[in-house]
Amino acid sequence: MLIRPRRLRNSPIIREMVAETRLSLDMLVYPYFVVAGENIKNPIAAMPGIHHFSVDALIIDVAKGLKIGINKILLFGVGEQKTEDASSSYSPQSIVAHAVMALKAEFGKQIFIITDVCTCAYTTHGQCGILNNFDDVDNDKTLEVLAKMALSHAKAGADMVAPSDMMDGRILKIRNTLDQNQFENIGIMSYSIKFASAYYGPFRDAADSCPGTKDRKTYQMDFRNPLETLREAQLDEQEGADILMVKPALAYLDIIKSLRQNTNLPVACYNVSGEYAMVKVAAGAGLIDEKSVVLENMYAFARAGANIIITYHAHNVAGWL
Ligand code: PBG
Ligand code: ZN
């Protein structure tokens, strides 16, 4: 008897039949950066193919996405009025609240809107929270702001909120606030395992949320600590998170896999701006084939166990699947 594993690779049809990992459009979430103004679609230099959108232009792009099957989006606001206390982040007039209301008026239940909840685009110092007297982020003061921000997004019509700040106890605080205001059906996708990562570089240009000369290491996780990731995930699960996220994704496939094996909740991964930029720049220079590399990465996330993939490649992937 000949041992021939190659038999199962003989033709496209048989390869499709035996494929162990499937990728579906339903898994993809597409992020957007929303700015004030009208008729704005400005390219973001650090992220080729990604733009700043004003609300009117955003509606046009979301409609394009819906036509190709992208019906889940993640909204980031680029704050205009930055203050020490991030008060513009939770205003009913915030750029994100505006965008949510306009999108819901246009598309209703056809679109599923997740909003990023964090103060860094709305603070003068660019940190993901309110500072204490020692110039560090004050955990519990920040919780108050996050809860107000999440509530303002829910009131505008968001389907789900995604806190990305990494304060302790924020899931419980946000869950209680939503419940007390009759938003018990609004879900929470928690950035549970968010590492202090240099892969966020291009995003900080896009969201205008750079913490200056400081870093975010007093709240974001140390990438050397896989055991601690499970502790963070367990806490978020106990506090009422509906979906747990790992971020970044590509350098953290081991973390995605271990989270998948240690929770019964859906697991999301965030294919972040630096991962995106590396692929786009290499492809733009003709060094790699964009479609092949992007799909290889998407399958890697799915194979590691991600049920949901947040990616700036989503519109392209929709054209390729
Ligand atoms: C801010 C935030 C960041 C990202 C999402 N929300 C950057 C950071 O924490 O410094 C990164 C997204 C990306 O790089 O694509 N809370
Ligand atoms: Zn932040």
# chains A, B, ... in the order shown; residues from 1 in each chain; ligands from 1
$ residues_near_ligand --ligand "ligand 2" --cutoff "7 Å" --atoms "only C-alpha atoms and all ligand atoms" --output "mmCIF file with all heavy atoms, in the first residue's frame"
data_model
loop_
_atom_site.group_PDB
_atom_site.id
_atom_site.type_symbol
_atom_site.label_atom_id
_atom_site.label_comp_id
_atom_site.auth_asym_id
_atom_site.auth_seq_id
_atom_site.Cartn_x
_atom_site.Cartn_y
_atom_site.Cartn_z
ATOM 1 N N CYS A 118 -13.539 54.587 24.218
ATOM 2 C CA CYS A 118 -12.254 54.919 24.847
ATOM 3 C C CYS A 118 -12.058 56.423 24.726
ATOM 4 O O CYS A 118 -12.564 57.050 23.796
ATOM 5 C CB CYS A 118 -11.098 54.196 24.164
ATOM 6 S SG CYS A 118 -9.570 54.377 25.102
ATOM 7 N N THR A 119 -11.287 56.979 25.651
ATOM 8 C CA THR A 119 -11.166 58.442 25.686
ATOM 9 C C THR A 119 -10.003 58.997 24.865
ATOM 10 O O THR A 119 -9.924 60.210 24.671
ATOM 11 C CB THR A 119 -10.943 58.925 27.136
ATOM 12 O OG1 THR A 119 -9.703 58.391 27.589
ATOM 13 C CG2 THR A 119 -12.069 58.499 28.043
ATOM 14 N N CYS A 120 -9.101 58.138 24.371
ATOM 15 C CA CYS A 120 -7.815 58.652 23.870
ATOM 16 C C CYS A 120 -7.923 59.639 22.700
ATOM 17 O O CYS A 120 -7.053 60.484 22.528
ATOM 18 C CB CYS A 120 -6.854 57.521 23.548
ATOM 19 S SG CYS A 120 -7.518 56.278 22.454
ATOM 20 N N ALA A 121 -8.998 59.543 21.908
ATOM 21 C CA ALA A 121 -9.145 60.489 20.798
ATOM 22 C C ALA A 121 -9.783 61.797 21.263
ATOM 23 O O ALA A 121 -9.962 62.723 20.473
ATOM 24 C CB ALA A 121 -9.976 59.861 19.677
ATOM 25 N N GLN A 127 -4.148 59.923 26.390
ATOM 26 C CA GLN A 127 -4.187 58.660 27.137
ATOM 27 C C GLN A 127 -5.611 58.108 27.122
ATOM 28 O O GLN A 127 -6.580 58.847 26.937
ATOM 29 C CB GLN A 127 -3.731 58.876 28.592
ATOM 30 C CG GLN A 127 -2.241 59.143 28.735
ATOM 31 C CD GLN A 127 -1.372 57.904 28.499
ATOM 32 O OE1 GLN A 127 -1.876 56.786 28.366
ATOM 33 N NE2 GLN A 127 -0.067 58.108 28.454
ATOM 34 N N CYS A 128 -5.714 56.773 27.383
ATOM 35 C CA CYS A 128 -7.019 56.103 27.340
ATOM 36 C C CYS A 128 -7.763 56.268 28.668
ATOM 37 O O CYS A 128 -8.362 55.321 29.176
ATOM 38 C CB CYS A 128 -6.846 54.629 27.018
ATOM 39 S SG CYS A 128 -6.045 54.340 25.439
ATOM 40 N N SER A 164 -12.123 49.792 24.623
ATOM 41 C CA SER A 164 -10.751 49.440 24.234
ATOM 42 C C SER A 164 -9.713 50.048 25.172
ATOM 43 O O SER A 164 -8.538 50.100 24.855
ATOM 44 C CB SER A 164 -10.478 49.926 22.805
ATOM 45 O OG SER A 164 -10.485 51.335 22.740
ATOM 46 N N ASP A 165 -10.153 50.489 26.342
ATOM 47 C CA ASP A 165 -9.287 51.267 27.235
ATOM 48 C C ASP A 165 -8.381 50.436 28.140
ATOM 49 O O ASP A 165 -7.328 50.888 28.538
ATOM 50 C CB ASP A 165 -10.197 52.101 28.130
ATOM 51 C CG ASP A 165 -11.201 51.178 28.800
ATOM 52 O OD1 ASP A 165 -12.161 50.759 28.106
ATOM 53 O OD2 ASP A 165 -11.015 50.817 29.966
#
$ closest_atom_pairs --of "chain A" --to "ligand 1" --cutoff "8 Å" --atoms "only C-alpha atoms and all ligand atoms" --output "CSV"
residue,atom,partner,partner_atom_place_in_ligand_line,distance
A:Phe76,CA,ligand 1,6 (N),7.9
A:Asp116,CA,ligand 1,6 (N),6.9
A:Val117,CA,ligand 1,16 (N),7.6
A:Cys118,CA,ligand 1,16 (N),5.3
A:Thr119,CA,ligand 1,16 (N),7.2
A:Cys120,CA,ligand 1,16 (N),6.0
A:Ala121,CA,ligand 1,1 (C),7.6
A:Cys128,CA,ligand 1,16 (N),5.9
A:Pro163,CA,ligand 1,16 (N),7.8
A:Ser164,CA,ligand 1,16 (N),4.6
A:Asp165,CA,ligand 1,16 (N),5.1
A:Lys194,CA,ligand 1,9 (O),7.9
A:Ala196,CA,ligand 1,9 (O),7.3
A:Ser197,CA,ligand 1,10 (O),7.5
A:Tyr199,CA,ligand 1,14 (O),6.0
A:Tyr200,CA,ligand 1,14 (O),3.5
A:Gly201,CA,ligand 1,14 (O),6.4
A:Pro202,CA,ligand 1,14 (O),6.4
A:Phe203,CA,ligand 1,14 (O),4.4
A:Arg204,CA,ligand 1,7 (C),6.0
A:Ser209,CA,ligand 1,1 (C),7.1
A:Cys210,CA,ligand 1,10 (O),7.1
A:Pro211,CA,ligand 1,10 (O),8.0
A:Arg216,CA,ligand 1,10 (O),7.2
A:Gln220,CA,ligand 1,9 (O),7.7
A:Pro248,CA,ligand 1,14 (O),7.6
A:Tyr270,CA,ligand 1,15 (O),7.3
A:Asn271,CA,ligand 1,15 (O),6.8
A:Val272,CA,ligand 1,15 (O),3.5
A:Ser273,CA,ligand 1,15 (O),3.6
A:Gly274,CA,ligand 1,14 (O),6.1
A:Tyr276,CA,ligand 1,15 (O),7.9
A:Tyr312,CA,ligand 1,15 (O),8.0
$ residues_around --residues "His315 in chain A" --least-positions-apart "3" --cutoff "9 Å" --atoms "only C-alpha atoms" --output "list in words"
Tyr30, Gly65, Ile68, Gly69, Ile70, Thr311, Tyr312, Ala318 and Gly319 of chain A
$ write_last_selection --atoms "C-alpha atoms" --output "mmCIF file, in the first residue's frame"
data_model
loop_
_atom_site.group_PDB
_atom_site.id
_atom_site.type_symbol
_atom_site.label_atom_id
_atom_site.label_comp_id
_atom_site.auth_asym_id
_atom_site.auth_seq_id
_atom_site.Cartn_x
_atom_site.Cartn_y
_atom_site.Cartn_z
ATOM 1 C CA TYR A 30 -14.853 46.655 9.054
ATOM 2 C CA GLY A 65 -19.974 47.658 1.860
ATOM 3 C CA ILE A 68 -20.719 43.235 -1.057
ATOM 4 C CA GLY A 69 -21.890 41.709 2.210
ATOM 5 C CA ILE A 70 -20.060 43.753 4.833
ATOM 6 C CA THR A 311 -9.920 43.927 9.710
ATOM 7 C CA TYR A 312 -9.231 46.903 7.433
ATOM 8 C CA ALA A 318 -15.387 40.371 0.395
ATOM 9 C CA GLY A 319 -14.377 40.709 -3.250
#
$ select_by_dssp --residues "range 117-231 of chain A" --states "alpha helix (DSSP H)" --output "JSON, numbers by chain"
{"A": [139, 140, 141, 142, 143, 144, 145, 146, 147, 148, 149, 150, 151, 152, 153, 154, 155, 156, 170, 171, 172, 173, 174, 175, 176, 177, 178, 179, 180, 201, 202, 203, 204, 205, 206, 226, 227, 228, 229, 230, 231]}
$ closest_residue --among "A:Ile188, A:Ile193, A:Gln180, A:Thr218" --to "Gly129 in chain A" --atoms "only C-alpha atoms"
A:Thr218
$ select_by_dssp --residues "range 160-250 of chain A" --states "strand (DSSP E or B)" --output "NGL selection string"
:A and (160-163 or 187-195 or 221 or 243-247)
$ write_last_selection --atoms "N, CA, C and O atoms" --output "compact mmCIF listing (two decimals), in the first residue's frame"
# COMPACT_ATOMS: atom_id res chain seq x y z
N MET A 160 -23.84 47.53 19.66
CA MET A 160 -22.88 46.91 20.57
C MET A 160 -21.80 47.94 20.87
O MET A 160 -21.48 48.75 19.99
N VAL A 161 -21.26 47.91 22.08
CA VAL A 161 -20.14 48.81 22.39
C VAL A 161 -18.88 47.98 22.62
O VAL A 161 -18.94 46.83 23.07
N ALA A 162 -17.74 48.58 22.29
CA ALA A 162 -16.47 47.86 22.40
C ALA A 162 -15.46 48.71 23.17
O ALA A 162 -14.77 49.55 22.58
N PRO A 163 -15.39 48.53 24.48
CA PRO A 163 -14.42 49.30 25.27
C PRO A 163 -12.99 48.84 25.00
O PRO A 163 -12.68 47.65 25.11
N GLY A 187 -25.06 44.77 23.41
CA GLY A 187 -23.96 43.88 23.79
C GLY A 187 -22.66 44.60 24.06
O GLY A 187 -22.49 45.78 23.73
N ILE A 188 -21.74 43.87 24.69
CA ILE A 188 -20.39 44.40 24.93
C ILE A 188 -19.36 43.46 24.31
O ILE A 188 -19.29 42.29 24.67
N MET A 189 -18.61 44.00 23.36
CA MET A 189 -17.45 43.27 22.85
C MET A 189 -16.25 43.84 23.58
O MET A 189 -15.90 45.02 23.38
N SER A 190 -15.65 43.04 24.44
CA SER A 190 -14.55 43.57 25.24
C SER A 190 -13.20 43.36 24.57
O SER A 190 -12.89 42.25 24.14
N TYR A 191 -12.43 44.43 24.48
CA TYR A 191 -11.01 44.26 24.15
C TYR A 191 -10.38 43.65 25.41
O TYR A 191 -9.78 44.35 26.21
N SER A 192 -10.58 42.35 25.58
CA SER A 192 -10.16 41.70 26.83
C SER A 192 -8.66 41.60 26.94
O SER A 192 -8.06 41.87 27.96
N ILE A 193 -8.08 41.12 25.82
CA ILE A 193 -6.64 40.86 25.83
C ILE A 193 -6.02 41.82 24.83
O ILE A 193 -5.90 41.54 23.65
N LYS A 194 -5.70 43.00 25.34
CA LYS A 194 -5.13 44.02 24.48
C LYS A 194 -3.72 44.32 24.96
O LYS A 194 -3.52 44.78 26.08
N PHE A 195 -2.77 44.03 24.09
CA PHE A 195 -1.37 44.20 24.47
C PHE A 195 -0.88 45.62 24.18
O PHE A 195 -1.36 46.28 23.25
N MET A 221 -1.64 45.30 28.17
CA MET A 221 -0.93 44.14 28.73
C MET A 221 0.50 43.98 28.19
O MET A 221 0.83 44.40 27.09
N ILE A 243 -18.62 39.16 24.04
CA ILE A 243 -17.61 38.69 23.09
C ILE A 243 -16.25 39.12 23.65
O ILE A 243 -16.11 40.22 24.17
N LEU A 244 -15.26 38.23 23.54
CA LEU A 244 -13.91 38.56 24.02
C LEU A 244 -12.99 38.75 22.82
O LEU A 244 -13.04 37.98 21.86
N MET A 245 -12.15 39.77 22.89
CA MET A 245 -11.27 40.06 21.76
C MET A 245 -9.79 39.94 22.14
O MET A 245 -9.41 40.25 23.27
N VAL A 246 -9.00 39.51 21.16
CA VAL A 246 -7.55 39.52 21.28
C VAL A 246 -7.00 40.54 20.28
O VAL A 246 -7.42 40.58 19.13
N LYS A 247 -6.05 41.33 20.73
CA LYS A 247 -5.53 42.40 19.88
C LYS A 247 -4.09 42.71 20.26
O LYS A 247 -3.83 42.88 21.44
$ closest_residue --among "A:Lys148, A:Arg6, A:His313, A:Arg22" --to "Lys280 in chain A" --atoms "only C-alpha atoms"
A:His313
$ residues_around --residues "Ala156 in chain A" --least-positions-apart "2" --cutoff "7 Å" --atoms "only C-alpha atoms" --output "PDB file with N, CA and C atoms, in the first residue's frame"
ATOM      1  N   ALA A  97     -21.919  59.578  17.979  1.00  0.00           N
ATOM      2  CA  ALA A  97     -23.380  59.564  18.157  1.00  0.00           C
ATOM      3  C   ALA A  97     -24.065  60.021  16.868  1.00  0.00           C
ATOM      4  N   VAL A 100     -23.815  57.245  14.228  1.00  0.00           N
ATOM      5  CA  VAL A 100     -24.711  56.122  14.516  1.00  0.00           C
ATOM      6  C   VAL A 100     -26.141  56.486  14.144  1.00  0.00           C
ATOM      7  N   MET A 101     -26.569  57.676  14.552  1.00  0.00           N
ATOM      8  CA  MET A 101     -27.951  58.080  14.259  1.00  0.00           C
ATOM      9  C   MET A 101     -28.192  58.147  12.749  1.00  0.00           C
ATOM     10  N   SER A 152     -24.119  56.959  25.834  1.00  0.00           N
ATOM     11  CA  SER A 152     -24.454  57.909  24.770  1.00  0.00           C
ATOM     12  C   SER A 152     -24.500  57.203  23.411  1.00  0.00           C
ATOM     13  N   HIS A 153     -23.641  56.221  23.225  1.00  0.00           N
ATOM     14  CA  HIS A 153     -23.671  55.468  21.958  1.00  0.00           C
ATOM     15  C   HIS A 153     -24.936  54.610  21.875  1.00  0.00           C
ATOM     16  N   ALA A 154     -25.295  54.009  23.003  1.00  0.00           N
ATOM     17  CA  ALA A 154     -26.509  53.180  23.020  1.00  0.00           C
ATOM     18  C   ALA A 154     -27.729  54.037  22.726  1.00  0.00           C
ATOM     19  N   ALA A 158     -26.519  52.510  18.772  1.00  0.00           N
ATOM     20  CA  ALA A 158     -25.492  51.487  18.538  1.00  0.00           C
ATOM     21  C   ALA A 158     -26.015  50.107  18.951  1.00  0.00           C
TER      22      ALA A 158
END
$ residues_around --residues "Arg260 in chain A" --least-positions-apart "5" --cutoff "10 Å" --atoms "only C-alpha atoms" --output "short mmCIF file (atom, residue, chain, number, x, y, z; two decimals) with C-alpha atoms, in the first residue's frame"
data_model
loop_
_atom_site.label_atom_id
_atom_site.label_comp_id
_atom_site.auth_asym_id
_atom_site.auth_seq_id
_atom_site.Cartn_x
_atom_site.Cartn_y
_atom_site.Cartn_z
CA LEU A 244 -13.91 38.56 24.02
CA ASP A 254 -1.14 31.44 20.28
CA ILE A 255 -3.22 33.75 22.48
CA LEU A 265 -17.94 33.00 24.46
CA PRO A 266 -17.31 34.04 20.84
CA VAL A 267 -13.68 35.05 20.28
CA ALA A 268 -12.82 38.04 18.11
CA ALA A 304 -6.31 29.70 15.48
CA GLY A 305 -9.92 29.85 16.61
CA ALA A 306 -11.17 33.37 15.93
CA ASN A 307 -14.90 33.46 15.27
#
$ closest_residue --among "A:Leu131, A:Arg303, A:Gln110, A:Val96" --to "Lys155 in chain A" --atoms "only C-alpha atoms"
A:Val96
